[in-house]
file input28.cif (mmCIF, N, CA and C atoms)
data_coords
#
loop_
_atom_site.label_atom_id
_atom_site.label_comp_id
_atom_site.auth_asym_id
_atom_site.auth_seq_id
_atom_site.Cartn_x
_atom_site.Cartn_y
_atom_site.Cartn_z
N ILE A 1 101.02 109.77 115.94
CA ILE A 1 101.06 109.78 114.49
C ILE A 1 101.18 111.22 114.05
N SER A 2 102.15 111.47 113.23
CA SER A 2 102.34 112.84 112.78
C SER A 2 101.46 113.12 111.57
N PRO A 3 100.91 114.32 111.50
CA PRO A 3 100.06 114.67 110.36
C PRO A 3 100.86 114.69 109.06
N CYS A 4 100.25 114.22 107.99
CA CYS A 4 100.91 114.19 106.69
C CYS A 4 100.37 115.28 105.76
N GLY A 5 99.20 115.76 106.01
CA GLY A 5 98.60 116.75 105.13
C GLY A 5 98.25 118.01 105.89
N GLN A 6 97.83 119.02 105.16
CA GLN A 6 97.57 120.31 105.80
C GLN A 6 96.35 120.26 106.72
N TYR A 7 95.49 119.27 106.56
CA TYR A 7 94.31 119.17 107.40
C TYR A 7 94.48 118.18 108.54
N GLY A 8 95.71 117.73 108.77
CA GLY A 8 95.98 116.85 109.89
C GLY A 8 95.63 115.40 109.64
N THR A 9 95.49 115.00 108.37
CA THR A 9 95.20 113.61 108.08
C THR A 9 96.50 112.82 108.00
N THR A 10 96.38 111.55 108.12
CA THR A 10 97.54 110.68 107.97
C THR A 10 97.32 109.78 106.77
N ILE A 11 98.37 109.14 106.35
CA ILE A 11 98.25 108.20 105.24
C ILE A 11 97.29 107.07 105.61
N ALA A 12 97.29 106.67 106.87
CA ALA A 12 96.39 105.59 107.31
C ALA A 12 94.94 106.00 107.20
N THR A 13 94.61 107.19 107.66
CA THR A 13 93.22 107.63 107.59
C THR A 13 92.81 107.93 106.16
N ASP A 14 93.72 108.46 105.36
CA ASP A 14 93.40 108.70 103.94
C ASP A 14 93.11 107.39 103.23
N LEU A 15 93.95 106.39 103.46
CA LEU A 15 93.74 105.09 102.82
C LEU A 15 92.43 104.47 103.28
N ALA A 16 92.16 104.52 104.57
CA ALA A 16 90.91 103.97 105.09
C ALA A 16 89.71 104.68 104.47
N HIS A 17 89.77 105.99 104.38
CA HIS A 17 88.68 106.77 103.77
C HIS A 17 88.46 106.34 102.32
N ASN A 18 89.55 106.23 101.56
CA ASN A 18 89.44 105.84 100.15
C ASN A 18 88.89 104.43 100.00
N LEU A 19 89.31 103.51 100.84
CA LEU A 19 88.80 102.14 100.75
C LEU A 19 87.35 102.05 101.22
N ASN A 20 87.00 102.81 102.25
CA ASN A 20 85.60 102.82 102.71
C ASN A 20 84.67 103.37 101.63
N ALA A 21 85.20 104.19 100.75
CA ALA A 21 84.40 104.74 99.65
C ALA A 21 84.17 103.71 98.55
N LYS A 22 84.84 102.57 98.66
CA LYS A 22 84.72 101.49 97.67
C LYS A 22 84.36 100.17 98.36
N PRO A 23 83.23 100.11 99.04
CA PRO A 23 82.91 98.91 99.83
C PRO A 23 82.79 97.65 98.98
N ARG A 24 82.32 97.77 97.77
CA ARG A 24 82.20 96.60 96.90
C ARG A 24 83.58 96.03 96.56
N TYR A 25 84.52 96.93 96.25
CA TYR A 25 85.89 96.50 95.96
C TYR A 25 86.48 95.79 97.18
N VAL A 26 86.33 96.38 98.36
CA VAL A 26 86.91 95.79 99.57
C VAL A 26 86.31 94.42 99.84
N ARG A 27 84.98 94.30 99.76
CA ARG A 27 84.33 93.00 100.00
C ARG A 27 84.85 91.95 99.02
N ASN A 28 84.93 92.30 97.74
CA ASN A 28 85.38 91.36 96.72
C ASN A 28 86.85 90.97 96.94
N ALA A 29 87.69 91.95 97.21
CA ALA A 29 89.11 91.69 97.41
C ALA A 29 89.33 90.80 98.65
N LEU A 30 88.61 91.07 99.72
CA LEU A 30 88.75 90.26 100.93
C LEU A 30 88.23 88.84 100.70
N ALA A 31 87.15 88.71 99.95
CA ALA A 31 86.59 87.39 99.68
C ALA A 31 87.56 86.51 98.90
N HIS A 32 88.44 87.14 98.13
CA HIS A 32 89.41 86.39 97.32
C HIS A 32 90.83 86.49 97.87
N ASP A 33 90.97 86.92 99.13
CA ASP A 33 92.29 87.06 99.77
C ASP A 33 93.25 87.88 98.92
N ARG A 34 92.78 89.00 98.40
CA ARG A 34 93.60 89.84 97.54
C ARG A 34 93.85 91.22 98.11
N LEU A 35 93.66 91.38 99.39
CA LEU A 35 93.86 92.70 99.98
C LEU A 35 94.48 92.56 101.37
N ALA A 36 95.55 93.28 101.57
CA ALA A 36 96.18 93.43 102.88
C ALA A 36 96.90 94.77 102.84
N VAL A 37 97.15 95.33 103.98
CA VAL A 37 97.88 96.58 104.09
C VAL A 37 99.14 96.31 104.89
N GLN A 38 100.28 96.76 104.35
CA GLN A 38 101.56 96.59 105.03
C GLN A 38 102.19 97.95 105.28
N SER A 39 102.94 98.04 106.36
CA SER A 39 103.63 99.29 106.65
C SER A 39 104.84 99.03 107.54
N PHE A 40 105.86 99.86 107.34
CA PHE A 40 106.98 99.89 108.27
C PHE A 40 106.61 100.69 109.52
N GLN A 41 105.58 101.52 109.40
CA GLN A 41 105.16 102.40 110.50
C GLN A 41 104.07 101.73 111.31
N THR A 42 104.44 101.19 112.46
CA THR A 42 103.50 100.44 113.29
C THR A 42 102.33 101.31 113.73
N ASP A 43 102.58 102.56 114.06
CA ASP A 43 101.49 103.44 114.50
C ASP A 43 100.46 103.65 113.40
N ASP A 44 100.95 103.86 112.17
CA ASP A 44 100.02 104.03 111.05
C ASP A 44 99.24 102.74 110.79
N ALA A 45 99.92 101.60 110.89
CA ALA A 45 99.25 100.31 110.68
C ALA A 45 98.16 100.10 111.73
N ARG A 46 98.46 100.45 112.97
CA ARG A 46 97.47 100.30 114.05
C ARG A 46 96.29 101.24 113.83
N THR A 47 96.56 102.46 113.42
CA THR A 47 95.48 103.41 113.14
C THR A 47 94.58 102.86 112.04
N PHE A 48 95.20 102.35 110.97
CA PHE A 48 94.41 101.79 109.87
C PHE A 48 93.59 100.60 110.37
N HIS A 49 94.21 99.72 111.15
CA HIS A 49 93.50 98.55 111.68
C HIS A 49 92.29 98.99 112.52
N ASP A 50 92.46 100.01 113.33
CA ASP A 50 91.36 100.50 114.16
C ASP A 50 90.21 101.02 113.30
N LEU A 51 90.53 101.57 112.13
CA LEU A 51 89.50 102.11 111.24
C LEU A 51 88.81 101.02 110.41
N ILE A 52 89.58 100.05 109.93
CA ILE A 52 89.01 98.95 109.11
C ILE A 52 89.63 97.63 109.59
N PRO A 53 89.11 97.08 110.67
CA PRO A 53 89.72 95.89 111.25
C PRO A 53 89.63 94.63 110.41
N ASP A 54 88.77 94.60 109.40
CA ASP A 54 88.63 93.39 108.58
C ASP A 54 89.77 93.20 107.58
N ILE A 55 90.50 94.25 107.28
CA ILE A 55 91.58 94.15 106.31
C ILE A 55 92.85 93.68 107.02
N PRO A 56 93.45 92.59 106.55
CA PRO A 56 94.67 92.08 107.20
C PRO A 56 95.79 93.13 107.19
N ILE A 57 96.53 93.15 108.28
CA ILE A 57 97.63 94.10 108.46
C ILE A 57 98.95 93.34 108.54
N GLY A 58 99.92 93.82 107.77
CA GLY A 58 101.27 93.29 107.83
C GLY A 58 102.24 94.35 108.33
N ILE A 59 103.12 93.95 109.20
CA ILE A 59 104.15 94.86 109.72
C ILE A 59 105.47 94.50 109.06
N LEU A 60 106.02 95.43 108.31
CA LEU A 60 107.33 95.27 107.70
C LEU A 60 108.39 95.70 108.70
N ASP A 61 109.49 94.97 108.76
CA ASP A 61 110.52 95.29 109.73
C ASP A 61 111.89 94.92 109.18
N ALA A 62 112.79 95.88 109.16
CA ALA A 62 114.16 95.61 108.71
C ALA A 62 114.98 94.95 109.81
N ASP A 63 114.56 95.14 111.06
CA ASP A 63 115.24 94.55 112.21
C ASP A 63 114.43 93.36 112.71
N ARG A 64 115.09 92.52 113.45
CA ARG A 64 114.40 91.36 114.04
C ARG A 64 113.53 91.86 115.19
N PRO A 65 112.22 91.60 115.12
CA PRO A 65 111.36 92.04 116.23
C PRO A 65 111.64 91.23 117.48
N THR A 66 111.52 91.88 118.63
CA THR A 66 111.70 91.18 119.90
C THR A 66 110.47 90.34 120.20
N ASP A 67 110.59 89.42 121.13
CA ASP A 67 109.44 88.62 121.51
C ASP A 67 108.34 89.49 122.10
N THR A 68 108.71 90.50 122.86
CA THR A 68 107.71 91.42 123.41
C THR A 68 106.96 92.13 122.29
N GLU A 69 107.70 92.61 121.29
CA GLU A 69 107.05 93.26 120.15
C GLU A 69 106.12 92.30 119.42
N LEU A 70 106.58 91.08 119.18
CA LEU A 70 105.76 90.08 118.51
C LEU A 70 104.47 89.80 119.27
N THR A 71 104.59 89.65 120.58
CA THR A 71 103.42 89.37 121.41
C THR A 71 102.43 90.52 121.34
N GLU A 72 102.92 91.74 121.44
CA GLU A 72 102.04 92.91 121.35
C GLU A 72 101.38 93.00 119.98
N LEU A 73 102.16 92.81 118.92
CA LEU A 73 101.64 92.91 117.56
C LEU A 73 100.60 91.81 117.29
N SER A 74 100.77 90.65 117.89
CA SER A 74 99.84 89.54 117.64
C SER A 74 98.43 89.86 118.12
N GLN A 75 98.28 90.89 118.93
CA GLN A 75 96.95 91.27 119.41
C GLN A 75 96.10 91.92 118.32
N TRP A 76 96.77 92.43 117.26
CA TRP A 76 95.99 93.10 116.21
C TRP A 76 96.55 92.93 114.80
N ALA A 77 97.79 92.58 114.64
CA ALA A 77 98.38 92.41 113.30
C ALA A 77 98.19 90.96 112.84
N ASP A 78 98.19 90.78 111.53
CA ASP A 78 97.99 89.46 110.93
C ASP A 78 99.29 88.88 110.39
N GLN A 79 100.21 89.75 110.01
CA GLN A 79 101.47 89.32 109.38
C GLN A 79 102.63 90.08 110.00
N ILE A 80 103.74 89.38 110.16
CA ILE A 80 105.01 90.01 110.49
C ILE A 80 105.91 89.72 109.30
N ASN A 81 106.37 90.76 108.64
CA ASN A 81 107.10 90.62 107.39
C ASN A 81 108.51 91.21 107.53
N PRO A 82 109.43 90.39 108.06
CA PRO A 82 110.78 90.88 108.31
C PRO A 82 111.68 90.76 107.07
N GLN A 83 112.75 91.51 107.11
CA GLN A 83 113.78 91.36 106.08
C GLN A 83 114.32 89.94 106.20
N HIS A 84 114.56 89.30 105.08
CA HIS A 84 114.96 87.89 105.12
C HIS A 84 116.29 87.69 105.84
N THR A 85 117.15 88.70 105.87
CA THR A 85 118.46 88.54 106.49
C THR A 85 118.39 88.44 108.02
N VAL A 86 117.26 88.80 108.62
CA VAL A 86 117.10 88.68 110.07
C VAL A 86 116.17 87.53 110.45
N THR A 87 115.79 86.74 109.45
CA THR A 87 114.80 85.68 109.67
C THR A 87 115.48 84.33 109.82
N ASP A 88 115.09 83.60 110.87
CA ASP A 88 115.58 82.24 111.08
C ASP A 88 114.41 81.37 111.53
N GLN A 89 114.68 80.10 111.77
CA GLN A 89 113.62 79.16 112.13
C GLN A 89 112.90 79.57 113.40
N ALA A 90 113.63 80.05 114.40
CA ALA A 90 113.01 80.43 115.67
C ALA A 90 112.02 81.58 115.46
N LEU A 91 112.36 82.54 114.62
CA LEU A 91 111.47 83.67 114.37
C LEU A 91 110.22 83.20 113.63
N VAL A 92 110.39 82.42 112.59
CA VAL A 92 109.24 81.90 111.82
C VAL A 92 108.33 81.10 112.75
N ASP A 93 108.91 80.22 113.55
CA ASP A 93 108.11 79.39 114.46
C ASP A 93 107.35 80.26 115.47
N ARG A 94 107.99 81.28 116.00
CA ARG A 94 107.33 82.14 117.00
C ARG A 94 106.18 82.93 116.37
N ILE A 95 106.40 83.46 115.18
CA ILE A 95 105.34 84.19 114.48
C ILE A 95 104.14 83.27 114.27
N HIS A 96 104.38 82.06 113.81
CA HIS A 96 103.30 81.11 113.61
C HIS A 96 102.64 80.72 114.92
N GLN A 97 103.43 80.54 115.96
CA GLN A 97 102.90 80.19 117.28
C GLN A 97 101.93 81.26 117.78
N LEU A 98 102.21 82.51 117.45
CA LEU A 98 101.36 83.61 117.88
C LEU A 98 100.17 83.83 116.95
N GLY A 99 100.00 82.94 115.95
CA GLY A 99 98.83 83.01 115.09
C GLY A 99 98.93 83.95 113.91
N MET A 100 100.15 84.37 113.59
CA MET A 100 100.35 85.27 112.46
C MET A 100 101.08 84.54 111.34
N THR A 101 101.12 85.16 110.18
CA THR A 101 101.88 84.63 109.06
C THR A 101 103.09 85.53 108.83
N THR A 102 104.00 85.05 107.99
CA THR A 102 105.20 85.83 107.71
C THR A 102 105.56 85.77 106.23
N ASN A 103 105.82 86.94 105.69
CA ASN A 103 106.28 87.11 104.31
C ASN A 103 107.62 87.84 104.39
N VAL A 104 108.67 87.20 103.96
CA VAL A 104 110.00 87.81 104.05
C VAL A 104 110.31 88.63 102.81
N TRP A 105 111.16 89.63 102.96
CA TRP A 105 111.50 90.53 101.86
C TRP A 105 112.99 90.82 101.89
N THR A 106 113.50 91.43 100.96
CA THR A 106 113.34 91.23 99.54
C THR A 106 114.33 90.15 99.16
N VAL A 107 113.82 88.99 98.80
CA VAL A 107 114.61 87.79 98.60
C VAL A 107 114.77 87.57 97.10
N ASP A 108 115.97 87.85 96.58
CA ASP A 108 116.19 87.76 95.15
C ASP A 108 117.13 86.63 94.73
N GLU A 109 117.99 86.19 95.62
CA GLU A 109 118.95 85.14 95.28
C GLU A 109 118.31 83.77 95.41
N PRO A 110 118.51 82.88 94.43
CA PRO A 110 117.90 81.55 94.49
C PRO A 110 118.23 80.79 95.78
N GLY A 111 119.46 80.88 96.26
CA GLY A 111 119.83 80.19 97.50
C GLY A 111 119.06 80.71 98.69
N ALA A 112 118.89 82.01 98.76
CA ALA A 112 118.14 82.62 99.86
C ALA A 112 116.66 82.25 99.77
N ILE A 113 116.15 82.18 98.54
CA ILE A 113 114.75 81.77 98.35
C ILE A 113 114.55 80.35 98.86
N ARG A 114 115.47 79.46 98.50
CA ARG A 114 115.38 78.08 98.98
C ARG A 114 115.44 78.02 100.51
N LYS A 115 116.34 78.78 101.09
CA LYS A 115 116.48 78.79 102.55
C LYS A 115 115.19 79.26 103.21
N MET A 116 114.61 80.33 102.71
CA MET A 116 113.37 80.85 103.30
C MET A 116 112.23 79.84 103.14
N THR A 117 112.21 79.16 102.02
CA THR A 117 111.18 78.14 101.79
C THR A 117 111.31 77.01 102.80
N THR A 118 112.54 76.59 103.08
CA THR A 118 112.74 75.51 104.05
C THR A 118 112.39 75.94 105.48
N LEU A 119 112.41 77.24 105.74
CA LEU A 119 112.03 77.73 107.07
C LEU A 119 110.51 77.71 107.27
N GLY A 120 109.77 77.59 106.16
CA GLY A 120 108.31 77.55 106.27
C GLY A 120 107.64 78.90 106.26
N VAL A 121 108.30 79.90 105.64
CA VAL A 121 107.65 81.20 105.55
C VAL A 121 106.39 81.07 104.70
N ASP A 122 105.47 81.98 104.90
CA ASP A 122 104.19 81.93 104.20
C ASP A 122 104.24 82.62 102.85
N GLY A 123 105.21 83.50 102.66
CA GLY A 123 105.33 84.20 101.40
C GLY A 123 106.71 84.80 101.25
N ILE A 124 107.08 85.03 100.01
CA ILE A 124 108.37 85.63 99.69
C ILE A 124 108.14 86.84 98.82
N ILE A 125 108.66 87.97 99.26
CA ILE A 125 108.61 89.20 98.48
C ILE A 125 109.92 89.29 97.72
N THR A 126 109.83 89.37 96.39
CA THR A 126 111.02 89.34 95.55
C THR A 126 110.87 90.30 94.38
N ASP A 127 111.98 90.75 93.87
CA ASP A 127 111.99 91.55 92.65
C ASP A 127 112.00 90.67 91.42
N TYR A 128 112.24 89.38 91.61
CA TYR A 128 112.37 88.44 90.49
C TYR A 128 111.47 87.21 90.70
N PRO A 129 110.16 87.36 90.57
CA PRO A 129 109.28 86.22 90.83
C PRO A 129 109.52 85.03 89.92
N GLN A 130 110.09 85.26 88.75
CA GLN A 130 110.37 84.14 87.86
C GLN A 130 111.36 83.16 88.49
N THR A 131 112.18 83.62 89.42
CA THR A 131 113.13 82.76 90.13
C THR A 131 112.40 81.67 90.89
N LEU A 132 111.20 81.95 91.37
CA LEU A 132 110.44 80.99 92.14
C LEU A 132 109.98 79.79 91.33
N THR A 133 109.92 79.95 90.01
CA THR A 133 109.42 78.87 89.17
C THR A 133 110.53 78.16 88.41
N GLN A 134 111.77 78.66 88.53
CA GLN A 134 112.88 78.03 87.83
C GLN A 134 113.38 76.82 88.59
N ARG A 135 113.76 75.82 87.88
CA ARG A 135 114.35 74.62 88.48
C ARG A 135 115.86 74.77 88.45
N GLY A 136 116.52 74.26 89.48
CA GLY A 136 117.95 74.36 89.41
C GLY A 136 118.69 73.89 90.59
#
call {"tool": "encode", "arguments": {"input": "input28.cif", "output": "structure tokens"}}
result
Amino acid sequence: ISPCGQYGTTIATDLAHNLNAKPRYVRNALAHDRLAVQSFQTDDARTFHDLIPDIPIGILDADRPTDTELTELSQWADQINPQHTVTDQALVDRIHQLGMTTNVWTVDEPGAIRKMTTLGVDGIITDYPQTLTQRG
């Protein structure tokens, strides 16, 4: 992990420090399933997980993760959140088989939203959430 600040801290350790300073907020947010940390940087996500293992971790990925990567990530990550364009039924099924959930991103077209829904994804990251409630 490369240092981000002049004192050798990383974004993961800074975030963990700030959240640890607010234990009541963290307890309340976790009790209501309103807190998770996501990152494209697997090393930072792992560092954060090691510091605060109770907070769910999501790994964002623009590329399709390999089965080896998925298996390794399932040892400590809670979510695999791939770009929707690399997501298919086999990937969703494998993520679920390994005990993780999946939230696909960034799904803005109604047809793509419907497709992801039929695959059984656990969540959809979109710039247009109103699309999810429209009938059509």
call {"tool": "resolve_selection", "arguments": {"input": "input28.cif", "expression": "the PyMOL selection byres ((chain A and resi 97-114) around 7)", "output": "PyMOL selection string"}}
result
chain A and resi 74+77-85+92-96+115-119+121-128+131
call {"tool": "atom_distance", "arguments": {"input": "input28.cif", "atom1": "atom N of Ile59 of chain A", "atom2": "atom N of Asn28 of chain A"}}
result
21.6 Å
call {"tool": "atom_distance", "arguments": {"input": "input28.cif", "atom1": "atom C of Thr71 of chain A", "atom2": "atom C of Thr42 of chain A"}}
result
13.2 Å
call {"tool": "closest_residue", "arguments": {"input": "input28.cif", "among": "A:Asp33, A:Phe40, A:Pro56, A:Ala45", "to": "Ala12 of chain A", "atoms": "only C-alpha atoms"}}
result
A:Ala45
call {"tool": "resolve_selection", "arguments": {"input": "input28.cif", "expression": "the PyMOL selection byres ((chain A and resi 39) around 5)", "output": "PDB file with N, CA and C atoms, keeping the file's coordinate frame"}}
result
ATOM      1  N   VAL A  37      97.150  95.330 103.980  1.00  0.00           N
ATOM      2  CA  VAL A  37      97.880  96.580 104.090  1.00  0.00           C
ATOM      3  C   VAL A  37      99.140  96.310 104.890  1.00  0.00           C
ATOM      4  N   GLN A  38     100.280  96.760 104.350  1.00  0.00           N
ATOM      5  CA  GLN A  38     101.560  96.590 105.030  1.00  0.00           C
ATOM      6  C   GLN A  38     102.190  97.950 105.280  1.00  0.00           C
ATOM      7  N   PHE A  40     105.860  99.860 107.340  1.00  0.00           N
ATOM      8  CA  PHE A  40     106.980  99.890 108.270  1.00  0.00           C
ATOM      9  C   PHE A  40     106.610 100.690 109.520  1.00  0.00           C
ATOM     10  N   GLN A  41     105.580 101.520 109.400  1.00  0.00           N
ATOM     11  CA  GLN A  41     105.160 102.400 110.500  1.00  0.00           C
ATOM     12  C   GLN A  41     104.070 101.730 111.310  1.00  0.00           C
ATOM     13  N   GLY A  58      99.920  93.820 107.770  1.00  0.00           N
ATOM     14  CA  GLY A  58     101.270  93.290 107.830  1.00  0.00           C
ATOM     15  C   GLY A  58     102.240  94.350 108.330  1.00  0.00           C
ATOM     16  N   ILE A  59     103.120  93.950 109.200  1.00  0.00           N
ATOM     17  CA  ILE A  59     104.150  94.860 109.720  1.00  0.00           C
ATOM     18  C   ILE A  59     105.470  94.500 109.060  1.00  0.00           C
ATOM     19  N   LEU A  60     106.020  95.430 108.310  1.00  0.00           N
ATOM     20  CA  LEU A  60     107.330  95.270 107.700  1.00  0.00           C
ATOM     21  C   LEU A  60     108.390  95.700 108.700  1.00  0.00           C
TER      22      LEU A  60
END
call {"tool": "atom_distance", "arguments": {"input": "input28.cif", "atom1": "atom CA of Ile55 of chain A", "atom2": "atom CA of Glu69 of chain A"}}
result
20.8 Å
call {"tool": "closest_residue", "arguments": {"input": "input28.cif", "among": "A:Leu15, A:Val26, A:Val86, A:Leu35", "to": "Ala62 of chain A", "atoms": "all atoms listed in the file"}}
result
A:Val86
call {"tool": "decode", "arguments": {"input": "input28.cif", "residues": "segment 77-106 of chain A", "atoms": "N, CA and C atoms", "output": "mmCIF file, in the first residue's frame"}}
result
data_model
loop_
_atom_site.group_PDB
_atom_site.id
_atom_site.type_symbol
_atom_site.label_atom_id
_atom_site.label_comp_id
_atom_site.auth_asym_id
_atom_site.auth_seq_id
_atom_site.Cartn_x
_atom_site.Cartn_y
_atom_site.Cartn_z
ATOM 1 N N ALA A 77 -13.790 -10.613 1.944
ATOM 2 C CA ALA A 77 -14.701 -9.608 1.383
ATOM 3 C C ALA A 77 -16.144 -10.107 1.471
ATOM 4 N N ASP A 78 -17.073 -9.169 1.494
ATOM 5 C CA ASP A 78 -18.493 -9.498 1.603
ATOM 6 C C ASP A 78 -19.231 -9.324 0.283
ATOM 7 N N GLN A 79 -18.716 -8.437 -0.564
ATOM 8 C CA GLN A 79 -19.378 -8.109 -1.831
ATOM 9 C C GLN A 79 -18.352 -8.074 -2.951
ATOM 10 N N ILE A 80 -18.761 -8.547 -4.106
ATOM 11 C CA ILE A 80 -18.006 -8.355 -5.338
ATOM 12 C C ILE A 80 -18.915 -7.510 -6.221
ATOM 13 N N ASN A 81 -18.455 -6.334 -6.586
ATOM 14 C CA ASN A 81 -19.288 -5.373 -7.299
ATOM 15 C C ASN A 81 -18.669 -5.039 -8.655
ATOM 16 N N PRO A 82 -18.957 -5.891 -9.652
ATOM 17 C CA PRO A 82 -18.364 -5.707 -10.970
ATOM 18 C C PRO A 82 -19.160 -4.732 -11.840
ATOM 19 N N GLN A 83 -18.490 -4.240 -12.847
ATOM 20 C CA GLN A 83 -19.178 -3.438 -13.862
ATOM 21 C C GLN A 83 -20.215 -4.349 -14.515
ATOM 22 N N HIS A 84 -21.389 -3.813 -14.770
ATOM 23 C CA HIS A 84 -22.470 -4.661 -15.281
ATOM 24 C C HIS A 84 -22.142 -5.275 -16.633
ATOM 25 N N THR A 85 -21.281 -4.635 -17.417
ATOM 26 C CA THR A 85 -20.969 -5.144 -18.757
ATOM 27 C C THR A 85 -20.139 -6.427 -18.729
ATOM 28 N N VAL A 86 -19.542 -6.767 -17.590
ATOM 29 C CA VAL A 86 -18.768 -8.010 -17.483
ATOM 30 C C VAL A 86 -19.502 -9.063 -16.644
ATOM 31 N N THR A 87 -20.754 -8.763 -16.299
ATOM 32 C CA THR A 87 -21.515 -9.631 -15.403
ATOM 33 C C THR A 87 -22.475 -10.515 -16.191
ATOM 34 N N ASP A 88 -22.435 -11.815 -15.877
ATOM 35 C CA ASP A 88 -23.381 -12.761 -16.475
ATOM 36 C C ASP A 88 -23.852 -13.724 -15.387
ATOM 37 N N GLN A 89 -24.712 -14.654 -15.761
ATOM 38 C CA GLN A 89 -25.299 -15.572 -14.787
ATOM 39 C C GLN A 89 -24.239 -16.392 -14.066
ATOM 40 N N ALA A 90 -23.224 -16.856 -14.788
ATOM 41 C CA ALA A 90 -22.182 -17.678 -14.173
ATOM 42 C C ALA A 90 -21.438 -16.895 -13.093
ATOM 43 N N LEU A 91 -21.160 -15.627 -13.341
ATOM 44 C CA LEU A 91 -20.447 -14.813 -12.355
ATOM 45 C C LEU A 91 -21.323 -14.581 -11.123
ATOM 46 N N VAL A 92 -22.568 -14.205 -11.332
ATOM 47 C CA VAL A 92 -23.485 -13.977 -10.204
ATOM 48 C C VAL A 92 -23.616 -15.257 -9.379
ATOM 49 N N ASP A 93 -23.807 -16.384 -10.043
ATOM 50 C CA ASP A 93 -23.959 -17.658 -9.334
ATOM 51 C C ASP A 93 -22.699 -17.998 -8.540
ATOM 52 N N ARG A 94 -21.530 -17.771 -9.112
ATOM 53 C CA ARG A 94 -20.276 -18.100 -8.414
ATOM 54 C C ARG A 94 -20.072 -17.204 -7.197
ATOM 55 N N ILE A 95 -20.353 -15.917 -7.342
ATOM 56 C CA ILE A 95 -20.240 -14.993 -6.211
ATOM 57 C C ILE A 95 -21.153 -15.456 -5.076
ATOM 58 N N HIS A 96 -22.384 -15.794 -5.401
ATOM 59 C CA HIS A 96 -23.319 -16.274 -4.391
ATOM 60 C C HIS A 96 -22.865 -17.599 -3.792
ATOM 61 N N GLN A 97 -22.349 -18.486 -4.624
ATOM 62 C CA GLN A 97 -21.865 -19.783 -4.152
ATOM 63 C C GLN A 97 -20.750 -19.608 -3.123
ATOM 64 N N LEU A 98 -19.947 -18.579 -3.296
ATOM 65 C CA LEU A 98 -18.840 -18.318 -2.378
ATOM 66 C C LEU A 98 -19.280 -17.528 -1.144
ATOM 67 N N GLY A 99 -20.593 -17.269 -1.023
ATOM 68 C CA GLY A 99 -21.111 -16.619 0.175
ATOM 69 C C GLY A 99 -21.059 -15.106 0.174
ATOM 70 N N MET A 100 -20.867 -14.519 -0.999
ATOM 71 C CA MET A 100 -20.814 -13.067 -1.099
ATOM 72 C C MET A 100 -22.041 -12.562 -1.855
ATOM 73 N N THR A 101 -22.242 -11.261 -1.816
ATOM 74 C CA THR A 101 -23.297 -10.631 -2.592
ATOM 75 C C THR A 101 -22.666 -9.829 -3.720
ATOM 76 N N THR A 102 -23.514 -9.383 -4.644
ATOM 77 C CA THR A 102 -23.005 -8.613 -5.773
ATOM 78 C C THR A 102 -23.924 -7.438 -6.098
ATOM 79 N N ASN A 103 -23.300 -6.293 -6.250
ATOM 80 C CA ASN A 103 -23.975 -5.059 -6.663
ATOM 81 C C ASN A 103 -23.283 -4.599 -7.941
ATOM 82 N N VAL A 104 -24.004 -4.562 -9.030
ATOM 83 C CA VAL A 104 -23.406 -4.188 -10.312
ATOM 84 C C VAL A 104 -23.485 -2.684 -10.528
ATOM 85 N N TRP A 105 -22.549 -2.155 -11.300
ATOM 86 C CA TRP A 105 -22.474 -0.714 -11.547
ATOM 87 C C TRP A 105 -22.158 -0.464 -13.002
ATOM 88 N N THR A 106 -22.210 0.683 -13.446
ATOM 89 C CA THR A 106 -23.227 1.685 -13.267
ATOM 90 C C THR A 106 -24.272 1.403 -14.325
#
